[in-house]
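Source file: model_13.txt (compact mmCIF, C-alpha atoms and all ligand atoms)
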# COMPACT_ATOMS: atom_id res chain seq x y z
CA MET A 1 -38.74 118.88 88.62
CA THR A 2 -42.35 118.40 87.59
CA VAL A 3 -45.27 120.43 88.80
CA GLU A 4 -48.60 118.75 89.18
CA THR A 5 -50.37 119.99 86.08
CA SER A 6 -53.74 120.26 87.79
CA ARG A 7 -52.42 122.97 90.08
CA ILE A 8 -51.41 125.23 87.24
CA GLU A 9 -54.15 124.41 84.76
CA PRO A 10 -55.88 127.76 85.33
CA ILE A 11 -52.76 129.64 84.33
CA LEU A 12 -51.85 127.65 81.31
CA ALA A 13 -55.05 126.19 80.01
CA PRO A 14 -54.98 127.99 76.66
CA ARG A 15 -51.39 127.03 76.00
CA LEU A 16 -51.10 123.52 77.41
CA LEU A 17 -49.70 121.11 74.91
CA PRO A 18 -51.63 118.01 73.95
CA PRO A 19 -50.20 115.07 75.94
CA ASN A 20 -48.39 113.57 72.98
CA GLU A 21 -46.50 116.82 72.41
CA ARG A 22 -45.35 117.28 75.97
CA PRO A 23 -41.75 116.64 76.84
CA SER A 24 -41.97 113.10 78.08
CA ALA A 25 -38.97 112.59 80.29
CA GLU A 26 -36.26 114.45 82.12
CA GLY A 27 -33.69 115.50 79.60
CA ALA A 28 -36.22 115.94 76.81
CA ARG A 29 -36.25 119.70 77.28
CA GLY A 30 -33.79 120.55 74.58
CA GLU A 31 -30.95 121.05 77.02
CA ALA A 32 -28.28 122.56 74.93
CA PRO A 33 -24.80 123.83 75.18
CA GLY A 34 -24.07 127.45 74.50
CA ALA A 35 -26.61 128.98 76.85
CA ALA A 36 -23.88 129.57 79.33
CA GLY A 37 -24.75 132.01 82.03
CA GLU A 38 -28.46 131.98 81.42
CA ALA A 39 -30.37 130.53 84.32
CA GLY A 40 -31.85 127.26 83.27
CA ALA A 41 -32.67 128.07 79.69
CA GLY A 42 -32.39 125.83 76.71
CA ALA A 43 -30.11 127.39 74.13
CA PRO A 44 -31.76 130.01 71.98
CA ALA A 45 -31.79 128.88 68.37
CA ALA A 46 -31.37 132.36 66.86
CA SER A 47 -28.77 134.83 68.03
CA PRO A 48 -30.22 137.24 70.54
CA ARG A 49 -31.53 140.62 69.51
CA LEU A 50 -30.97 141.96 72.99
CA GLU A 51 -28.97 140.49 75.81
CA ALA A 52 -28.06 141.13 79.43
CA ARG A 53 -24.69 139.64 80.32
CA ALA A 54 -23.82 139.29 84.00
CA PHE A 55 -25.59 142.61 84.45
CA SER A 56 -25.80 144.13 87.93
CA LEU A 57 -27.30 147.45 88.93
CA TYR A 58 -26.99 149.44 92.15
CA TYR A 59 -29.16 152.35 93.28
CA GLY A 60 -26.54 153.87 95.56
CA LYS A 61 -25.73 151.07 97.99
CA HIS A 62 -28.81 149.03 97.15
CA GLN A 63 -28.17 146.28 94.62
CA ALA A 64 -31.33 145.87 92.54
CA LEU A 65 -29.99 143.50 89.86
CA ARG A 66 -27.57 140.65 90.57
CA SER A 67 -25.57 139.39 87.64
CA VAL A 68 -28.54 138.91 85.36
CA SER A 69 -27.88 137.08 82.09
CA LEU A 70 -30.83 136.96 79.73
CA ALA A 71 -30.99 136.55 75.97
CA ILE A 72 -33.99 138.03 74.15
CA LEU A 73 -34.72 136.37 70.82
CA PRO A 74 -35.89 138.32 67.77
CA ASN A 75 -39.56 138.34 66.78
CA SER A 76 -40.68 136.84 70.02
CA VAL A 77 -42.42 137.92 73.17
CA THR A 78 -40.46 137.52 76.38
CA ALA A 79 -42.40 137.95 79.62
CA ILE A 80 -40.65 138.98 82.83
CA ILE A 81 -42.49 137.89 85.95
CA GLY A 82 -41.72 138.02 89.66
CA PRO A 83 -42.94 139.60 92.89
CA SER A 84 -43.01 143.34 93.51
CA GLY A 85 -39.57 144.84 93.99
CA CYS A 86 -37.68 141.95 92.36
CA GLY A 87 -36.14 144.23 89.73
CA LYS A 88 -38.37 143.73 86.66
CA SER A 89 -38.74 147.43 85.83
CA THR A 90 -35.09 148.07 86.64
CA LEU A 91 -34.04 145.40 84.16
CA LEU A 92 -36.44 146.72 81.53
CA ARG A 93 -35.13 150.27 81.95
CA SER A 94 -31.56 149.01 81.74
CA PHE A 95 -32.13 147.74 78.21
CA ASN A 96 -32.41 151.25 76.76
CA ARG A 97 -30.45 153.02 79.48
CA MET A 98 -33.44 154.77 81.02
CA ASN A 99 -31.73 154.25 84.40
CA ASP A 100 -29.05 156.71 83.29
CA LEU A 101 -31.54 159.40 84.26
CA ILE A 102 -31.54 158.29 87.91
CA PRO A 103 -28.76 159.79 90.05
CA GLY A 104 -26.49 157.36 91.91
CA VAL A 105 -27.03 154.41 89.57
CA ARG A 106 -24.01 152.18 88.94
CA THR A 107 -23.86 149.10 86.74
CA GLU A 108 -21.62 146.12 86.08
CA GLY A 109 -21.72 143.71 83.18
CA GLU A 110 -23.22 144.46 79.80
CA ILE A 111 -26.41 145.04 77.88
CA ARG A 112 -25.97 144.20 74.22
CA LEU A 113 -28.17 145.17 71.31
CA LEU A 114 -27.34 143.00 68.31
CA GLY A 115 -24.04 142.20 69.96
CA ALA A 116 -23.00 145.82 70.63
CA ASP A 117 -22.59 147.09 74.19
CA VAL A 118 -25.20 149.83 74.70
CA SER A 119 -22.95 151.55 77.27
CA ALA A 120 -20.09 152.00 74.84
CA PRO A 121 -18.97 155.64 74.70
CA ALA A 122 -19.95 155.85 71.03
CA THR A 123 -23.58 154.96 71.73
CA ASP A 124 -26.05 157.66 70.75
CA VAL A 125 -28.62 157.35 73.55
CA VAL A 126 -31.40 159.05 71.59
CA GLU A 127 -30.87 156.60 68.74
CA LEU A 128 -30.71 153.72 71.25
CA ARG A 129 -34.13 154.72 72.61
CA ARG A 130 -35.49 154.94 69.08
CA ARG A 131 -34.31 151.40 68.44
CA ILE A 132 -35.58 150.19 71.82
CA GLY A 133 -38.92 151.86 72.53
CA MET A 134 -40.82 151.76 75.78
CA VAL A 135 -44.48 151.65 76.79
CA PHE A 136 -45.35 152.30 80.42
CA GLN A 137 -47.93 151.01 82.85
CA ARG A 138 -50.09 154.13 82.80
CA PRO A 139 -50.88 155.45 79.34
CA ASN A 140 -48.98 158.73 79.10
CA PRO A 141 -50.06 160.55 75.94
CA PHE A 142 -48.96 164.15 75.68
CA PRO A 143 -51.68 166.80 76.06
CA LYS A 144 -51.70 167.24 72.30
CA SER A 145 -53.80 165.95 69.43
CA ILE A 146 -53.92 162.28 68.50
CA PHE A 147 -51.99 163.10 65.33
CA ASP A 148 -49.32 165.08 67.17
CA ASN A 149 -48.83 162.25 69.64
CA ALA A 150 -48.30 159.68 66.90
CA ALA A 151 -46.07 162.11 64.99
CA PHE A 152 -44.04 163.16 68.02
CA GLY A 153 -40.99 160.94 67.58
CA LEU A 154 -40.92 161.48 63.83
CA ARG A 155 -40.80 165.25 64.33
CA MET A 156 -38.06 164.80 66.94
CA LEU A 157 -36.13 162.94 64.27
CA GLY A 158 -36.57 165.93 61.97
CA LEU A 159 -39.31 164.70 59.65
CA ARG A 160 -41.19 167.76 58.38
CA ASP A 161 -42.79 166.61 55.14
CA ARG A 162 -46.54 166.67 55.84
CA THR A 163 -47.46 163.93 53.36
CA GLU A 164 -44.87 161.57 54.73
CA LEU A 165 -45.79 162.44 58.31
CA GLU A 166 -49.42 161.63 57.56
CA ALA A 167 -48.51 158.34 55.93
CA ARG A 168 -46.28 157.28 58.82
CA VAL A 169 -48.86 158.32 61.42
CA GLU A 170 -51.56 156.31 59.66
CA GLN A 171 -49.29 153.30 59.38
CA SER A 172 -48.38 153.31 63.05
CA LEU A 173 -52.00 153.86 64.14
CA ARG A 174 -53.00 150.91 61.97
CA ARG A 175 -50.26 148.73 63.42
CA ALA A 176 -51.41 149.70 66.88
CA ALA A 177 -54.98 148.66 65.95
CA LEU A 178 -56.28 152.17 66.63
CA TRP A 179 -56.71 153.72 63.18
CA GLU A 180 -60.37 152.81 62.60
CA GLU A 181 -61.36 154.31 65.94
CA VAL A 182 -59.57 157.63 65.49
CA LYS A 183 -59.19 158.32 61.78
CA ASP A 184 -62.03 160.87 61.83
CA ARG A 185 -60.76 162.77 64.83
CA LEU A 186 -57.00 162.96 64.53
CA ASN A 187 -57.01 166.59 65.61
CA ARG A 188 -58.87 165.96 68.85
CA SER A 189 -56.96 165.83 72.12
CA ALA A 190 -55.47 162.45 72.93
CA LEU A 191 -56.68 162.97 76.49
CA GLN A 192 -60.27 162.46 75.28
CA LEU A 193 -59.54 158.84 74.39
CA SER A 194 -60.36 155.94 76.71
CA GLY A 195 -57.53 154.43 78.76
CA GLY A 196 -57.20 151.48 76.40
CA GLN A 197 -57.17 153.76 73.35
CA GLN A 198 -54.59 156.00 75.02
CA GLN A 199 -52.38 152.98 75.61
CA ARG A 200 -52.68 151.91 71.97
CA LEU A 201 -51.83 155.51 71.00
CA CYS A 202 -48.69 155.28 73.15
CA ILE A 203 -47.84 152.04 71.34
CA ALA A 204 -48.43 153.82 68.00
CA ARG A 205 -46.15 156.67 69.13
CA CYS A 206 -43.48 154.09 69.89
CA LEU A 207 -43.98 152.21 66.58
CA ALA A 208 -43.84 155.36 64.45
CA VAL A 209 -40.07 155.65 64.77
CA GLU A 210 -39.56 152.03 63.64
CA PRO A 211 -38.07 150.50 66.77
CA GLU A 212 -36.51 147.05 66.75
CA VAL A 213 -37.44 146.19 70.31
CA ILE A 214 -40.48 147.27 72.33
CA LEU A 215 -40.28 147.20 76.11
CA MET A 216 -43.62 147.15 77.90
CA ASP A 217 -43.87 147.60 81.65
CA GLU A 218 -47.21 146.15 82.75
CA PRO A 219 -48.91 147.72 79.72
CA ALA A 220 -52.39 146.49 80.58
CA SER A 221 -52.47 146.58 84.35
CA ALA A 222 -54.35 149.89 84.44
CA LEU A 223 -56.93 148.72 81.89
CA ASP A 224 -60.27 146.88 82.05
CA PRO A 225 -60.52 143.28 80.77
CA THR A 226 -61.72 144.24 77.28
CA ALA A 227 -58.97 146.81 76.77
CA THR A 228 -56.48 144.31 78.21
CA ALA A 229 -57.56 141.68 75.69
CA ARG A 230 -57.02 144.16 72.84
CA ILE A 231 -53.50 144.95 74.08
CA GLU A 232 -52.74 141.23 74.35
CA GLU A 233 -53.98 140.62 70.78
CA LEU A 234 -51.90 143.53 69.64
CA VAL A 235 -48.75 142.19 71.29
CA LEU A 236 -49.21 138.85 69.54
CA ASP A 237 -49.71 140.64 66.25
CA LEU A 238 -46.69 142.94 66.70
CA LYS A 239 -44.21 140.17 67.38
CA THR A 240 -44.16 139.23 63.70
CA ARG A 241 -42.39 142.54 63.12
CA TYR A 242 -40.79 143.47 66.43
CA THR A 243 -39.06 141.92 69.42
CA ILE A 244 -41.11 142.45 72.56
CA VAL A 245 -40.24 142.29 76.26
CA VAL A 246 -43.21 142.62 78.56
CA VAL A 247 -43.23 142.87 82.34
CA THR A 248 -46.39 141.52 83.87
CA HIS A 249 -47.71 140.64 87.30
CA ASN A 250 -50.30 138.49 85.65
CA MET A 251 -49.14 134.94 85.08
CA GLN A 252 -52.16 134.06 82.96
CA GLN A 253 -51.21 136.96 80.73
CA ALA A 254 -47.60 135.79 80.52
CA ALA A 255 -48.86 132.34 79.54
CA ARG A 256 -51.21 133.75 76.90
CA ILE A 257 -48.88 136.12 75.13
CA SER A 258 -45.27 135.11 75.63
CA ASP A 259 -42.99 132.62 73.94
CA ARG A 260 -40.43 132.70 76.71
CA THR A 261 -40.72 133.70 80.34
CA ALA A 262 -38.09 134.94 82.76
CA PHE A 263 -38.76 134.60 86.49
CA MET A 264 -36.94 137.04 88.75
CA LEU A 265 -36.60 137.13 92.51
CA GLY A 266 -34.55 139.46 94.70
CA GLY A 267 -32.74 140.98 91.74
CA GLU A 268 -31.71 137.60 90.33
CA LEU A 269 -32.91 135.79 87.28
CA VAL A 270 -34.03 132.49 88.74
CA GLU A 271 -35.15 130.81 85.54
CA HIS A 272 -35.74 131.59 81.88
CA ASP A 273 -37.29 129.15 79.49
CA GLU A 274 -39.99 128.55 76.96
CA THR A 275 -43.18 129.75 78.58
CA ARG A 276 -44.97 126.40 78.30
CA LEU A 277 -42.05 124.65 79.97
CA LEU A 278 -41.51 127.23 82.68
CA PHE A 279 -45.16 126.94 83.70
CA THR A 280 -45.48 123.17 83.36
CA ARG A 281 -42.03 121.87 84.25
CA PRO A 282 -40.03 124.54 86.05
CA ARG A 283 -36.48 123.57 86.87
CA GLN A 284 -36.23 125.55 90.06
CA LYS A 285 -38.20 124.99 93.24
CA LEU A 286 -38.47 128.77 93.66
CA THR A 287 -40.17 129.07 90.27
CA GLU A 288 -42.56 126.27 91.14
CA ASP A 289 -43.41 127.93 94.45
CA TYR A 290 -44.04 131.25 92.73
CA ILE A 291 -46.19 130.01 89.86
CA THR A 292 -48.26 127.87 92.18
CA GLY A 293 -48.97 130.90 94.34
CA ARG A 294 -46.96 129.96 97.43
CA PHE A 295 -45.54 133.46 97.66
CA GLY A 296 -45.54 136.80 95.88
N1 LIG A 301 -35.16 155.12 91.47
C1 LIG A 301 -34.87 154.25 92.44
N2 LIG A 301 -34.06 154.59 93.44
C2 LIG A 301 -33.74 153.71 94.42
N3 LIG A 301 -34.20 152.45 94.48
C3 LIG A 301 -35.02 152.04 93.51
C4 LIG A 301 -35.41 152.91 92.43
N4 LIG A 301 -36.23 152.24 91.63
C5 LIG A 301 -36.35 151.00 92.15
N5 LIG A 301 -35.63 150.88 93.28
C6 LIG A 301 -35.50 149.68 94.12
O1 LIG A 301 -34.99 148.62 93.33
C7 LIG A 301 -35.68 147.41 93.58
C8 LIG A 301 -36.32 146.91 92.31
O2 LIG A 301 -37.34 147.81 91.91
P1 LIG A 301 -38.17 147.63 90.56
O3 LIG A 301 -39.01 148.85 90.41
O4 LIG A 301 -37.25 147.29 89.47
O5 LIG A 301 -39.07 146.36 90.94
P2 LIG A 301 -40.27 145.69 90.14
O6 LIG A 301 -39.98 144.23 90.06
O7 LIG A 301 -40.52 146.42 88.87
O8 LIG A 301 -41.49 145.90 91.15
P3 LIG A 301 -43.07 146.16 90.85
O9 LIG A 301 -43.61 144.83 90.45
O10 LIG A 301 -43.59 146.62 92.16
O11 LIG A 301 -43.17 147.18 89.76
C9 LIG A 301 -36.68 147.71 94.69
O12 LIG A 301 -36.07 147.37 95.93
C10 LIG A 301 -36.87 149.21 94.58
O13 LIG A 301 -37.19 149.76 95.85
MG MG A 302 -42.11 147.55 88.16
Using structure tokens, write down the structure that the file contains.
Ligand SMILES: Nc1ncnc2c1ncn2[C@@H]1O[C@H](COP(=O)(O)OP(=O)(O)OP(=O)(O)O)[C@@H](O)[C@H]1O
Ligand SMILES: [Mg+2]
Amino acid sequence: MTVETSRIEPILAPRLLPPNERPSAEGARGEAPGAAGEAGAGAPAASPRLEARAFSLYYGKHQALRSVSLAILPNSVTAIIGPSGCGKSTLLRSFNRMNDLIPGVRTEGEIRLLGADVSAPATDVVELRRRIGMVFQRPNPFPKSIFDNAAFGLRMLGLRDRTELEARVEQSLRRAALWEEVKDRLNRSALQLSGGQQQRLCIARCLAVEPEVILMDEPASALDPTATARIEELVLDLKTRYTIVVVTHNMQQAARISDRTAFMLGGELVEHDETRLLFTRPRQKLTEDYITGRFG
């Protein structure tokens, strides 16, 4: 199925391929065996860092995820898009078992981190959440100093050596593109920072414990355009080192920052593909209707 490019130009303009690089005909999309179970995706070349396999989740009687299969590739940005209530945050929270904290939740299927089932009895959930960090929609620094926020996870892990703490805090603040703005006031309250700075501090707090995967649930939706642009730049920079999954309502943002995009609807994964293909040549009519603004 081909979408009229003119209708989606505003979403994809920065990422549209030159005509001679576009897939020219049906079947030229790298259809590949081995992607069994994943809605519409070409086969991932690398083995997945993180994977949902026929994963379903129920809040009591309400089924919020319906047999979702999604492979997240290493050192890439995967965007999850879809209308409100479709299950994006639920899926994100399932990856590091944050839903365990909600009473009445039941799951079927598997979430695998590097091939290992995260629900296996031997899983250390604290260690799982160190390996798979999370950044939320609203910046949520603790009412502590900037330094103590960035050092929080390291202290939880038992790091006491001041010199090493300082080095790790500086490194994570640098990686979160915040160091230059805060290096002279590390002992000030984090709550005095702007919203965008607070969000970068939350990213630094997450990076400090050396995660493998970073989950971001609408990380820029509470920020102004300038702060949003900084977060987007940061995400692109971080993917060289980390695997990133980002939920966003903003399709332009998904197009700007992600390598692959997953479209969800009603708890199902409708389609998952390279971002440029999903936005230019979606396979499913539902995806086409969503990205062209017919609903949602
Ligand atoms: N703690 C909960 N208890 C019961 N039902 C929940 C809970 N959290 C979410 N749900 C329900 O599960 C479904 C999916 O919710 P979820 O928050 O994952 O959607 P979403 O795609 O992130 O939406 P939004 O874009 O509005 O953030 C919704 O029907 C929601 O009402
Ligand atoms: Mg949500």
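Comparing the minimum interatomic distances between ligand LIG 301 (chain A) and each of A:Glu212, A:Asp237, A:Asp184, A:Asp217, counting all atoms listed in the file, we find that A:Asp217 sits nearest.
From CA of Ala255 (chain A) back to CA of Ser221 (chain A), the distance works out to 15.5 Å.
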Please determine an axis-aligned box that encloses all atoms of ligand LIG 301 (chain A) listed in the file, with 6 Å added on each side, and express its centre and edge lengths in Å to one decimal as AutoDock Vina command-line options.
--center_x -38.7 --center_y 149.7 --center_z 92.4 --size_x 21.9 --size_y 22.9 --size_z 19.1
Residues within 10 Å of ligand LIG 301 (chain A) (all atoms listed in the file), as number ranges by chain? A: 57-65, 80-94, 99, 101-105, 137, 217-218, 247-249, 264-267, 296
Please produce a file of the residues just selected, as a compact mmCIF listing (two decimals), in the coordinates of the input, where the atoms kept are C-alpha atoms.
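Listing of out-v1.txt after writing:
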# COMPACT_ATOMS: atom_id res chain seq x y z
CA LEU A 57 -27.30 147.45 88.93
CA TYR A 58 -26.99 149.44 92.15
CA TYR A 59 -29.16 152.35 93.28
CA GLY A 60 -26.54 153.87 95.56
CA LYS A 61 -25.73 151.07 97.99
CA HIS A 62 -28.81 149.03 97.15
CA GLN A 63 -28.17 146.28 94.62
CA ALA A 64 -31.33 145.87 92.54
CA LEU A 65 -29.99 143.50 89.86
CA ILE A 80 -40.65 138.98 82.83
CA ILE A 81 -42.49 137.89 85.95
CA GLY A 82 -41.72 138.02 89.66
CA PRO A 83 -42.94 139.60 92.89
CA SER A 84 -43.01 143.34 93.51
CA GLY A 85 -39.57 144.84 93.99
CA CYS A 86 -37.68 141.95 92.36
CA GLY A 87 -36.14 144.23 89.73
CA LYS A 88 -38.37 143.73 86.66
CA SER A 89 -38.74 147.43 85.83
CA THR A 90 -35.09 148.07 86.64
CA LEU A 91 -34.04 145.40 84.16
CA LEU A 92 -36.44 146.72 81.53
CA ARG A 93 -35.13 150.27 81.95
CA SER A 94 -31.56 149.01 81.74
CA ASN A 99 -31.73 154.25 84.40
CA LEU A 101 -31.54 159.40 84.26
CA ILE A 102 -31.54 158.29 87.91
CA PRO A 103 -28.76 159.79 90.05
CA GLY A 104 -26.49 157.36 91.91
CA VAL A 105 -27.03 154.41 89.57
CA GLN A 137 -47.93 151.01 82.85
CA ASP A 217 -43.87 147.60 81.65
CA GLU A 218 -47.21 146.15 82.75
CA VAL A 247 -43.23 142.87 82.34
CA THR A 248 -46.39 141.52 83.87
CA HIS A 249 -47.71 140.64 87.30
CA MET A 264 -36.94 137.04 88.75
CA LEU A 265 -36.60 137.13 92.51
CA GLY A 266 -34.55 139.46 94.70
CA GLY A 267 -32.74 140.98 91.74
CA GLY A 296 -45.54 136.80 95.88
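Nearest residue to ligand MG 302 (chain A), choosing from A:Arg131, A:Arg138, A:Arg175, A:Arg200 and counting all atoms listed in the file: A:Arg138.
Considering the residues A:Val68, A:Leu277, A:Met216, A:Ala151 and counting all atoms listed in the file, ligand MG 302 (chain A) has its shortest atom-to-atom contact with A:Met216.
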Within 12 Å of (-47.7, 132.4, 95.2), in the coordinates the file gives, what residues turn up when you count all atoms listed in the file, written out as a tab-separated table (two decimals) with C-alpha atoms, in the frame of the given file?
chain	number	residue	atom	x	y	z
A	7	ARG	CA	-52.42	122.97	90.08
A	8	ILE	CA	-51.41	125.23	87.24
A	81	ILE	CA	-42.49	137.89	85.95
A	82	GLY	CA	-41.72	138.02	89.66
A	83	PRO	CA	-42.94	139.60	92.89
A	249	HIS	CA	-47.71	140.64	87.30
A	250	ASN	CA	-50.30	138.49	85.65
A	251	MET	CA	-49.14	134.94	85.08
A	286	LEU	CA	-38.47	128.77	93.66
A	287	THR	CA	-40.17	129.07	90.27
A	288	GLU	CA	-42.56	126.27	91.14
A	289	ASP	CA	-43.41	127.93	94.45
A	290	TYR	CA	-44.04	131.25	92.73
A	291	ILE	CA	-46.19	130.01	89.86
A	292	THR	CA	-48.26	127.87	92.18
A	293	GLY	CA	-48.97	130.90	94.34
A	294	ARG	CA	-46.96	129.96	97.43
A	295	PHE	CA	-45.54	133.46	97.66
A	296	GLY	CA	-45.54	136.80	95.88
| query | Can you tell me, as a list in words, what residues are no more than 12 Å from Gln171 (chain A) when counting only C-alpha atoms, ignoring any on the same chain fewer than 3 positions away? | reply | Phe147, Ala150, Ala151, Glu164, Leu165, Glu166, Ala167, Arg168, Arg174, Arg175, Ala176, Ala177, Leu178, Trp179, Glu180, Lys183, Ala204, Arg205, Leu207, Ala208, Val209 and Glu210 of chain A
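Compared by their closest atoms to Val126 (chain A), and using all atoms listed in the file, the residues A:Ala79, A:Ala262, A:Met98, A:Leu73 rank with A:Met98 nearest.
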Restricting to all atoms listed in the file, whichever of A:Ser119, A:Thr107, A:Gln197, A:Gln252 is closest to Val182 (chain A) is A:Gln197
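Distances to Ser56 (chain A) were evaluated for A:Asn149, A:Leu269, A:Asn187, A:Ala227 using only C-alpha atoms, and the minimum falls at A:Leu269.
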Could you list, as a VMD selection string, every residue within 10 Å of Asp117 (chain A), counting only C-alpha atoms and ignoring same-chain residues fewer than 4 positions away? chain A and resid 50 to 53 109 to 113 121 to 123
| task | Please work out which residues fall within 8 Å of (-42.9, 128.8, 83.6), coordinates as given in the file, with all atoms listed in the file counting, and return them as a ChimeraX atom specification. | result | /A:261-263,272-282,287-288,291
Point-to-point distance in Å for CA of Ile257 (chain A) and CA of Val77 (chain A):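 Between CA of Val77 (chain A) and CA of Ile257 (chain A) the gap is 7.0 Å.
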Exercise for review: Please indicate the distance in Å from CA of Ile244 (chain A) to CA of Pro74 (chain A), rounded to one decimal place.
Suggested key: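 That distance, rounded to one decimal, is 8.2 Å.
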Contacts of Leu223 (chain A) at 9 Å (all atoms listed in the file; same-chain gap of 2+ positions) as a PDB file with C-alpha atoms, in the frame of the given file:
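Output below, filename out22.pdb:
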ATOM      1  CA  ARG A 138     -50.090 154.130  82.800  1.00  0.00           C
ATOM      2  CA  GLY A 195     -57.530 154.430  78.760  1.00  0.00           C
ATOM      3  CA  GLY A 196     -57.200 151.480  76.400  1.00  0.00           C
ATOM      4  CA  GLN A 199     -52.380 152.980  75.610  1.00  0.00           C
ATOM      5  CA  PRO A 219     -48.910 147.720  79.720  1.00  0.00           C
ATOM      6  CA  ALA A 220     -52.390 146.490  80.580  1.00  0.00           C
ATOM      7  CA  SER A 221     -52.470 146.580  84.350  1.00  0.00           C
ATOM      8  CA  PRO A 225     -60.520 143.280  80.770  1.00  0.00           C
ATOM      9  CA  THR A 226     -61.720 144.240  77.280  1.00  0.00           C
ATOM     10  CA  ALA A 227     -58.970 146.810  76.770  1.00  0.00           C
ATOM     11  CA  THR A 228     -56.480 144.310  78.210  1.00  0.00           C
TER      12      THR A 228
END
